[in-house]
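Colleague: There's a structure below that I have some questions on.
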Amino acid sequence: MAQEILIIGESGSGKSTSLENLNPKTTFIINVGQKPMPFRGWKGKYKKLSKDTPDGNYIETDQSNTIVQTMKHINENMPHITTVVVDDFQYVMANEFMRRANERGFDKFTEIGLHAWEIAQSGKNMRDDITFVMIGHAEQSTDLSGNRRLKFKTVGKLVDNVITMEGMFTVVLFTDVSVDAEGNTSYQFITQSDGTTDAATFTADRNQYYRSVKVTNLM
């Protein structure tokens, strides 16, 4: 069973940029948003997986079945890969929802939730030596007491009724951006819940990824 990490944050808060600190020789990135990675030299570090480049460590897709099959390929045929990243996972759900916008009924929301669950479950079931990282956006919600909370963004309550993404991960990190008195910007992870997030780091092996992304300074 792989070590699973869920990273949640707003756009521009350093989620994808923190991947620059990972070792490309042992990292595979699944780029769901299909946009350039936000750090210099990424094209030289990450080559697209294809028949011509079977040792590639990067693909661009928002298709859940392709993501699951790629993860199975990594798990079975790429022993040198020890970190698998899905970024930005939200668009797996959002893009499928938009493609199916004309469909009536609620079955599509169950299917969208199922596809999201299948990816998260496939990551959990990867090799013991793999760290599976899923990155997504944050959205505001309220708890049962009416208090404001941040949560993983989906395509609505009907999907939330099917899955609670945070509950599928041992480690849940929220990004945080702060500016000090001198105007210096700091990019960090929230690692424990302060009552407004579901951040959690209950795992014996949590330092493996923290050292890679510099938890006290993402960029």
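By order of appearance in the structure tokens: chains A, B, ..., then residues from 1 within every chain, and ligands from 1 in the order shown.
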Would you give me, as a PyMOL selection string, the residues in segment 63-178 of chain A that DSSP reads as helix (DSSP H, G or I)?

Modeller: chain A and resi 64-77+90-99+107-124+157-160+165-168

Colleague: Could you list, as a PDB file with all heavy atoms, in the first residue's frame, every residue within 9 Å of Val159 of chain A, counting only C-alpha atoms and ignoring same-chain residues fewer than 3 positions away?

Modeller:
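Here's the written file part_4.pdb:
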ATOM      1  N   PHE A 109     -23.442  12.274 -11.694  1.00  0.00           N
ATOM      2  CA  PHE A 109     -22.677  12.708 -10.526  1.00  0.00           C
ATOM      3  C   PHE A 109     -22.121  11.501  -9.770  1.00  0.00           C
ATOM      4  O   PHE A 109     -20.992  11.533  -9.278  1.00  0.00           O
ATOM      5  CB  PHE A 109     -23.562  13.563  -9.611  1.00  0.00           C
ATOM      6  CG  PHE A 109     -23.936  14.886 -10.204  1.00  0.00           C
ATOM      7  CD1 PHE A 109     -25.185  15.078 -10.763  1.00  0.00           C
ATOM      8  CD2 PHE A 109     -23.030  15.936 -10.222  1.00  0.00           C
ATOM      9  CE1 PHE A 109     -25.535  16.293 -11.330  1.00  0.00           C
ATOM     10  CE2 PHE A 109     -23.368  17.161 -10.777  1.00  0.00           C
ATOM     11  CZ  PHE A 109     -24.622  17.340 -11.340  1.00  0.00           C
ATOM     12  N   THR A 110     -22.917  10.445  -9.697  1.00  0.00           N
ATOM     13  CA  THR A 110     -22.430   9.216  -9.080  1.00  0.00           C
ATOM     14  C   THR A 110     -21.250   8.656  -9.857  1.00  0.00           C
ATOM     15  O   THR A 110     -20.250   8.208  -9.277  1.00  0.00           O
ATOM     16  CB  THR A 110     -23.551   8.169  -9.000  1.00  0.00           C
ATOM     17  OG1 THR A 110     -24.630   8.692  -8.229  1.00  0.00           O
ATOM     18  CG2 THR A 110     -23.052   6.883  -8.369  1.00  0.00           C
ATOM     19  N   GLU A 111     -21.338   8.695 -11.190  1.00  0.00           N
ATOM     20  CA  GLU A 111     -20.255   8.180 -12.024  1.00  0.00           C
ATOM     21  C   GLU A 111     -19.003   9.046 -11.913  1.00  0.00           C
ATOM     22  O   GLU A 111     -17.892   8.524 -11.882  1.00  0.00           O
ATOM     23  CB  GLU A 111     -20.732   8.085 -13.470  1.00  0.00           C
ATOM     24  CG  GLU A 111     -21.813   7.026 -13.673  1.00  0.00           C
ATOM     25  CD  GLU A 111     -22.356   7.003 -15.087  1.00  0.00           C
ATOM     26  OE1 GLU A 111     -21.774   7.681 -15.954  1.00  0.00           O
ATOM     27  OE2 GLU A 111     -23.361   6.306 -15.326  1.00  0.00           O
ATOM     28  N   ILE A 112     -19.182  10.373 -11.853  1.00  0.00           N
ATOM     29  CA  ILE A 112     -18.031  11.266 -11.677  1.00  0.00           C
ATOM     30  C   ILE A 112     -17.355  10.977 -10.338  1.00  0.00           C
ATOM     31  O   ILE A 112     -16.125  10.903 -10.239  1.00  0.00           O
ATOM     32  CB  ILE A 112     -18.465  12.739 -11.767  1.00  0.00           C
ATOM     33  CG1 ILE A 112     -18.876  13.070 -13.209  1.00  0.00           C
ATOM     34  CG2 ILE A 112     -17.335  13.672 -11.317  1.00  0.00           C
ATOM     35  CD1 ILE A 112     -19.519  14.439 -13.374  1.00  0.00           C
ATOM     36  N   GLY A 113     -18.162  10.805  -9.293  1.00  0.00           N
ATOM     37  CA  GLY A 113     -17.608  10.459  -7.989  1.00  0.00           C
ATOM     38  C   GLY A 113     -16.904   9.121  -8.005  1.00  0.00           C
ATOM     39  O   GLY A 113     -15.839   8.956  -7.396  1.00  0.00           O
ATOM     40  N   LEU A 114     -17.472   8.155  -8.721  1.00  0.00           N
ATOM     41  CA  LEU A 114     -16.847   6.835  -8.842  1.00  0.00           C
ATOM     42  C   LEU A 114     -15.491   6.933  -9.516  1.00  0.00           C
ATOM     43  O   LEU A 114     -14.518   6.316  -9.067  1.00  0.00           O
ATOM     44  CB  LEU A 114     -17.757   5.897  -9.623  1.00  0.00           C
ATOM     45  CG  LEU A 114     -17.167   4.523  -9.981  1.00  0.00           C
ATOM     46  CD1 LEU A 114     -16.833   3.741  -8.724  1.00  0.00           C
ATOM     47  CD2 LEU A 114     -18.135   3.741 -10.871  1.00  0.00           C
ATOM     48  N   THR A 154     -14.855  19.846  -5.346  1.00  0.00           N
ATOM     49  CA  THR A 154     -15.385  18.864  -6.286  1.00  0.00           C
ATOM     50  C   THR A 154     -16.334  19.605  -7.240  1.00  0.00           C
ATOM     51  O   THR A 154     -16.206  20.808  -7.429  1.00  0.00           O
ATOM     52  CB  THR A 154     -16.119  17.730  -5.556  1.00  0.00           C
ATOM     53  OG1 THR A 154     -17.298  18.255  -4.929  1.00  0.00           O
ATOM     54  CG2 THR A 154     -15.225  17.094  -4.496  1.00  0.00           C
ATOM     55  N   VAL A 155     -17.286  18.899  -7.814  1.00  0.00           N
ATOM     56  CA  VAL A 155     -18.256  19.550  -8.701  1.00  0.00           C
ATOM     57  C   VAL A 155     -19.623  19.633  -8.023  1.00  0.00           C
ATOM     58  O   VAL A 155     -20.647  19.728  -8.688  1.00  0.00           O
ATOM     59  CB  VAL A 155     -18.381  18.830 -10.058  1.00  0.00           C
ATOM     60  CG1 VAL A 155     -17.114  19.009 -10.866  1.00  0.00           C
ATOM     61  CG2 VAL A 155     -18.711  17.351  -9.885  1.00  0.00           C
ATOM     62  N   GLY A 156     -19.653  19.603  -6.683  1.00  0.00           N
ATOM     63  CA  GLY A 156     -20.909  19.844  -5.999  1.00  0.00           C
ATOM     64  C   GLY A 156     -21.254  18.805  -4.949  1.00  0.00           C
ATOM     65  O   GLY A 156     -20.566  17.799  -4.763  1.00  0.00           O
ATOM     66  N   VAL A 162     -21.061  11.168  -2.423  1.00  0.00           N
ATOM     67  CA  VAL A 162     -20.511   9.873  -2.831  1.00  0.00           C
ATOM     68  C   VAL A 162     -19.151   9.635  -2.178  1.00  0.00           C
ATOM     69  O   VAL A 162     -18.863   8.535  -1.691  1.00  0.00           O
ATOM     70  CB  VAL A 162     -20.381   9.798  -4.371  1.00  0.00           C
ATOM     71  CG1 VAL A 162     -19.767   8.469  -4.802  1.00  0.00           C
ATOM     72  CG2 VAL A 162     -21.737  10.009  -5.034  1.00  0.00           C
ATOM     73  N   ILE A 163     -18.289  10.653  -2.173  1.00  0.00           N
ATOM     74  CA  ILE A 163     -16.943  10.499  -1.629  1.00  0.00           C
ATOM     75  C   ILE A 163     -16.565  11.703  -0.782  1.00  0.00           C
ATOM     76  O   ILE A 163     -17.037  12.817  -1.014  1.00  0.00           O
ATOM     77  CB  ILE A 163     -15.880  10.344  -2.750  1.00  0.00           C
ATOM     78  CG1 ILE A 163     -15.945  11.536  -3.724  1.00  0.00           C
ATOM     79  CG2 ILE A 163     -16.024   9.026  -3.468  1.00  0.00           C
ATOM     80  CD1 ILE A 163     -14.800  11.567  -4.708  1.00  0.00           C
ATOM     81  N   THR A 164     -15.731  11.463   0.241  1.00  0.00           N
ATOM     82  CA  THR A 164     -15.063  12.532   0.987  1.00  0.00           C
ATOM     83  C   THR A 164     -13.578  12.332   0.746  1.00  0.00           C
ATOM     84  O   THR A 164     -12.953  11.445   1.341  1.00  0.00           O
ATOM     85  CB  THR A 164     -15.377  12.459   2.488  1.00  0.00           C
ATOM     86  OG1 THR A 164     -16.791  12.576   2.676  1.00  0.00           O
ATOM     87  CG2 THR A 164     -14.678  13.593   3.237  1.00  0.00           C
TER      88      THR A 164
END

Colleague: Which is closest to Lys108 of chain A among A:Ala94, A:Gln121, A:Phe89, A:Leu19, if we use only C-alpha atoms?

Modeller: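 The answer is A:Ala94, which sits nearest to Lys108 of chain A.
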
Colleague: How many Å lie between atom CA of Ile190 of chain A and atom CA of Trp42 of chain A, rounded to one decimal?

Modeller: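 Taking atom CA of Ile190 of chain A as the start and atom CA of Trp42 of chain A as the end point, the length is 26.0 Å.
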
Colleague: Pick out the residues sitting within 9 Å of Ile135 of chain A, and hand them over as a list in words; count only C-alpha atoms, and ignore anything fewer than 6 positions along from it in its own chain.

Modeller: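 Result of the neighbour search: Ile5, Leu6, Ile7, Ile8, Gly9, Lys15, Ser16, Val85, Val86, Asp87, Asp88, Phe89 and Gln90 of chain A.
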
Colleague: Can you check which residues of segment 1-217 of chain A DSSP gives as strand (DSSP E) on the backbone and send them as a ChimeraX atom specification?

Modeller: /A:3-9,27-31,58-60,83-87,131-142,148-152,171-179,185-190,200-201

Colleague: Give me the residues near Met37 of chain A as a VMD selection string, where near means some atom within 12 Å (using only C-alpha atoms) and where sequence neighbours in that chain fewer than 5 positions away do not count.

Modeller: chain A and resid 14 to 20 29 to 32 42 to 46 58 to 60 87 to 88

Colleague: I need the residues from that last selection saved to file as a PDB file, in the first residue's frame (with N, CA, C and O atoms), if you can.

Modeller:
ATOM      1  N   GLY A  14       1.279  27.877  -4.571  1.00  0.00           N
ATOM      2  CA  GLY A  14       2.521  27.118  -4.542  1.00  0.00           C
ATOM      3  C   GLY A  14       2.371  25.623  -4.664  1.00  0.00           C
ATOM      4  O   GLY A  14       3.365  24.895  -4.536  1.00  0.00           O
ATOM      5  N   LYS A  15       1.159  25.135  -4.927  1.00  0.00           N
ATOM      6  CA  LYS A  15       0.940  23.680  -5.001  1.00  0.00           C
ATOM      7  C   LYS A  15       1.823  23.041  -6.061  1.00  0.00           C
ATOM      8  O   LYS A  15       2.633  22.151  -5.778  1.00  0.00           O
ATOM      9  N   SER A  16       1.641  23.456  -7.306  1.00  0.00           N
ATOM     10  CA  SER A  16       2.385  22.850  -8.413  1.00  0.00           C
ATOM     11  C   SER A  16       3.848  23.271  -8.408  1.00  0.00           C
ATOM     12  O   SER A  16       4.733  22.491  -8.776  1.00  0.00           O
ATOM     13  N   THR A  17       4.128  24.495  -7.984  1.00  0.00           N
ATOM     14  CA  THR A  17       5.509  24.977  -7.967  1.00  0.00           C
ATOM     15  C   THR A  17       6.357  24.164  -7.005  1.00  0.00           C
ATOM     16  O   THR A  17       7.561  23.975  -7.229  1.00  0.00           O
ATOM     17  N   SER A  18       5.755  23.647  -5.931  1.00  0.00           N
ATOM     18  CA  SER A  18       6.513  22.858  -4.964  1.00  0.00           C
ATOM     19  C   SER A  18       7.069  21.584  -5.581  1.00  0.00           C
ATOM     20  O   SER A  18       8.030  21.014  -5.074  1.00  0.00           O
ATOM     21  N   LEU A  19       6.497  21.145  -6.713  1.00  0.00           N
ATOM     22  CA  LEU A  19       6.976  19.920  -7.355  1.00  0.00           C
ATOM     23  C   LEU A  19       8.381  20.079  -7.919  1.00  0.00           C
ATOM     24  O   LEU A  19       9.056  19.095  -8.208  1.00  0.00           O
ATOM     25  N   GLU A  20       8.833  21.304  -8.073  1.00  0.00           N
ATOM     26  CA  GLU A  20      10.191  21.549  -8.565  1.00  0.00           C
ATOM     27  C   GLU A  20      11.223  20.895  -7.655  1.00  0.00           C
ATOM     28  O   GLU A  20      12.319  20.529  -8.100  1.00  0.00           O
ATOM     29  N   ILE A  29       4.786  12.639 -13.165  1.00  0.00           N
ATOM     30  CA  ILE A  29       3.724  13.633 -13.031  1.00  0.00           C
ATOM     31  C   ILE A  29       2.627  13.366 -14.050  1.00  0.00           C
ATOM     32  O   ILE A  29       2.897  13.248 -15.251  1.00  0.00           O
ATOM     33  N   ILE A  30       1.387  13.275 -13.577  1.00  0.00           N
ATOM     34  CA  ILE A  30       0.213  13.193 -14.432  1.00  0.00           C
ATOM     35  C   ILE A  30      -0.444  14.562 -14.416  1.00  0.00           C
ATOM     36  O   ILE A  30      -1.042  14.973 -13.418  1.00  0.00           O
ATOM     37  N   ASN A  31      -0.295  15.296 -15.509  1.00  0.00           N
ATOM     38  CA  ASN A  31      -0.736  16.689 -15.595  1.00  0.00           C
ATOM     39  C   ASN A  31      -2.177  16.730 -16.122  1.00  0.00           C
ATOM     40  O   ASN A  31      -2.411  16.689 -17.316  1.00  0.00           O
ATOM     41  N   VAL A  32      -3.141  16.816 -15.202  1.00  0.00           N
ATOM     42  CA  VAL A  32      -4.551  16.807 -15.576  1.00  0.00           C
ATOM     43  C   VAL A  32      -4.960  18.117 -16.209  1.00  0.00           C
ATOM     44  O   VAL A  32      -5.737  18.147 -17.170  1.00  0.00           O
ATOM     45  N   TRP A  42      11.252  22.578 -16.651  1.00  0.00           N
ATOM     46  CA  TRP A  42      10.474  21.356 -16.412  1.00  0.00           C
ATOM     47  C   TRP A  42      10.446  20.440 -17.633  1.00  0.00           C
ATOM     48  O   TRP A  42      10.422  19.216 -17.498  1.00  0.00           O
ATOM     49  N   LYS A  43      10.469  21.023 -18.837  1.00  0.00           N
ATOM     50  CA  LYS A  43      10.427  20.190 -20.041  1.00  0.00           C
ATOM     51  C   LYS A  43      11.674  19.330 -20.191  1.00  0.00           C
ATOM     52  O   LYS A  43      11.622  18.244 -20.774  1.00  0.00           O
ATOM     53  N   GLY A  44      12.790  19.809 -19.678  1.00  0.00           N
ATOM     54  CA  GLY A  44      14.013  19.025 -19.736  1.00  0.00           C
ATOM     55  C   GLY A  44      14.051  17.919 -18.692  1.00  0.00           C
ATOM     56  O   GLY A  44      14.774  16.933 -18.861  1.00  0.00           O
ATOM     57  N   LYS A  45      13.267  18.087 -17.644  1.00  0.00           N
ATOM     58  CA  LYS A  45      13.249  17.108 -16.564  1.00  0.00           C
ATOM     59  C   LYS A  45      12.166  16.055 -16.749  1.00  0.00           C
ATOM     60  O   LYS A  45      12.302  14.926 -16.260  1.00  0.00           O
ATOM     61  N   TYR A  46      11.063  16.437 -17.427  1.00  0.00           N
ATOM     62  CA  TYR A  46       9.913  15.542 -17.551  1.00  0.00           C
ATOM     63  C   TYR A  46       9.581  15.315 -19.026  1.00  0.00           C
ATOM     64  O   TYR A  46       9.188  16.245 -19.730  1.00  0.00           O
ATOM     65  N   TYR A  58       6.060  11.533 -17.556  1.00  0.00           N
ATOM     66  CA  TYR A  58       5.089  12.629 -17.604  1.00  0.00           C
ATOM     67  C   TYR A  58       4.015  12.313 -18.642  1.00  0.00           C
ATOM     68  O   TYR A  58       4.320  11.793 -19.728  1.00  0.00           O
ATOM     69  N   ILE A  59       2.744  12.577 -18.314  1.00  0.00           N
ATOM     70  CA  ILE A  59       1.676  12.544 -19.315  1.00  0.00           C
ATOM     71  C   ILE A  59       0.714  13.696 -19.047  1.00  0.00           C
ATOM     72  O   ILE A  59       0.667  14.240 -17.934  1.00  0.00           O
ATOM     73  N   GLU A  60      -0.049  14.062 -20.066  1.00  0.00           N
ATOM     74  CA  GLU A  60      -1.105  15.066 -19.932  1.00  0.00           C
ATOM     75  C   GLU A  60      -2.431  14.401 -20.286  1.00  0.00           C
ATOM     76  O   GLU A  60      -2.625  13.964 -21.422  1.00  0.00           O
ATOM     77  N   ASP A  87      -1.890  16.155 -10.804  1.00  0.00           N
ATOM     78  CA  ASP A  87      -2.019  17.607 -10.658  1.00  0.00           C
ATOM     79  C   ASP A  87      -2.709  18.196 -11.909  1.00  0.00           C
ATOM     80  O   ASP A  87      -2.251  17.970 -13.014  1.00  0.00           O
ATOM     81  N   ASP A  88      -3.759  18.893 -11.830  1.00  0.00           N
ATOM     82  CA  ASP A  88      -4.651  19.260 -10.747  1.00  0.00           C
ATOM     83  C   ASP A  88      -5.879  18.361 -10.820  1.00  0.00           C
ATOM     84  O   ASP A  88      -6.623  18.409 -11.792  1.00  0.00           O
TER      85      ASP A  88
END
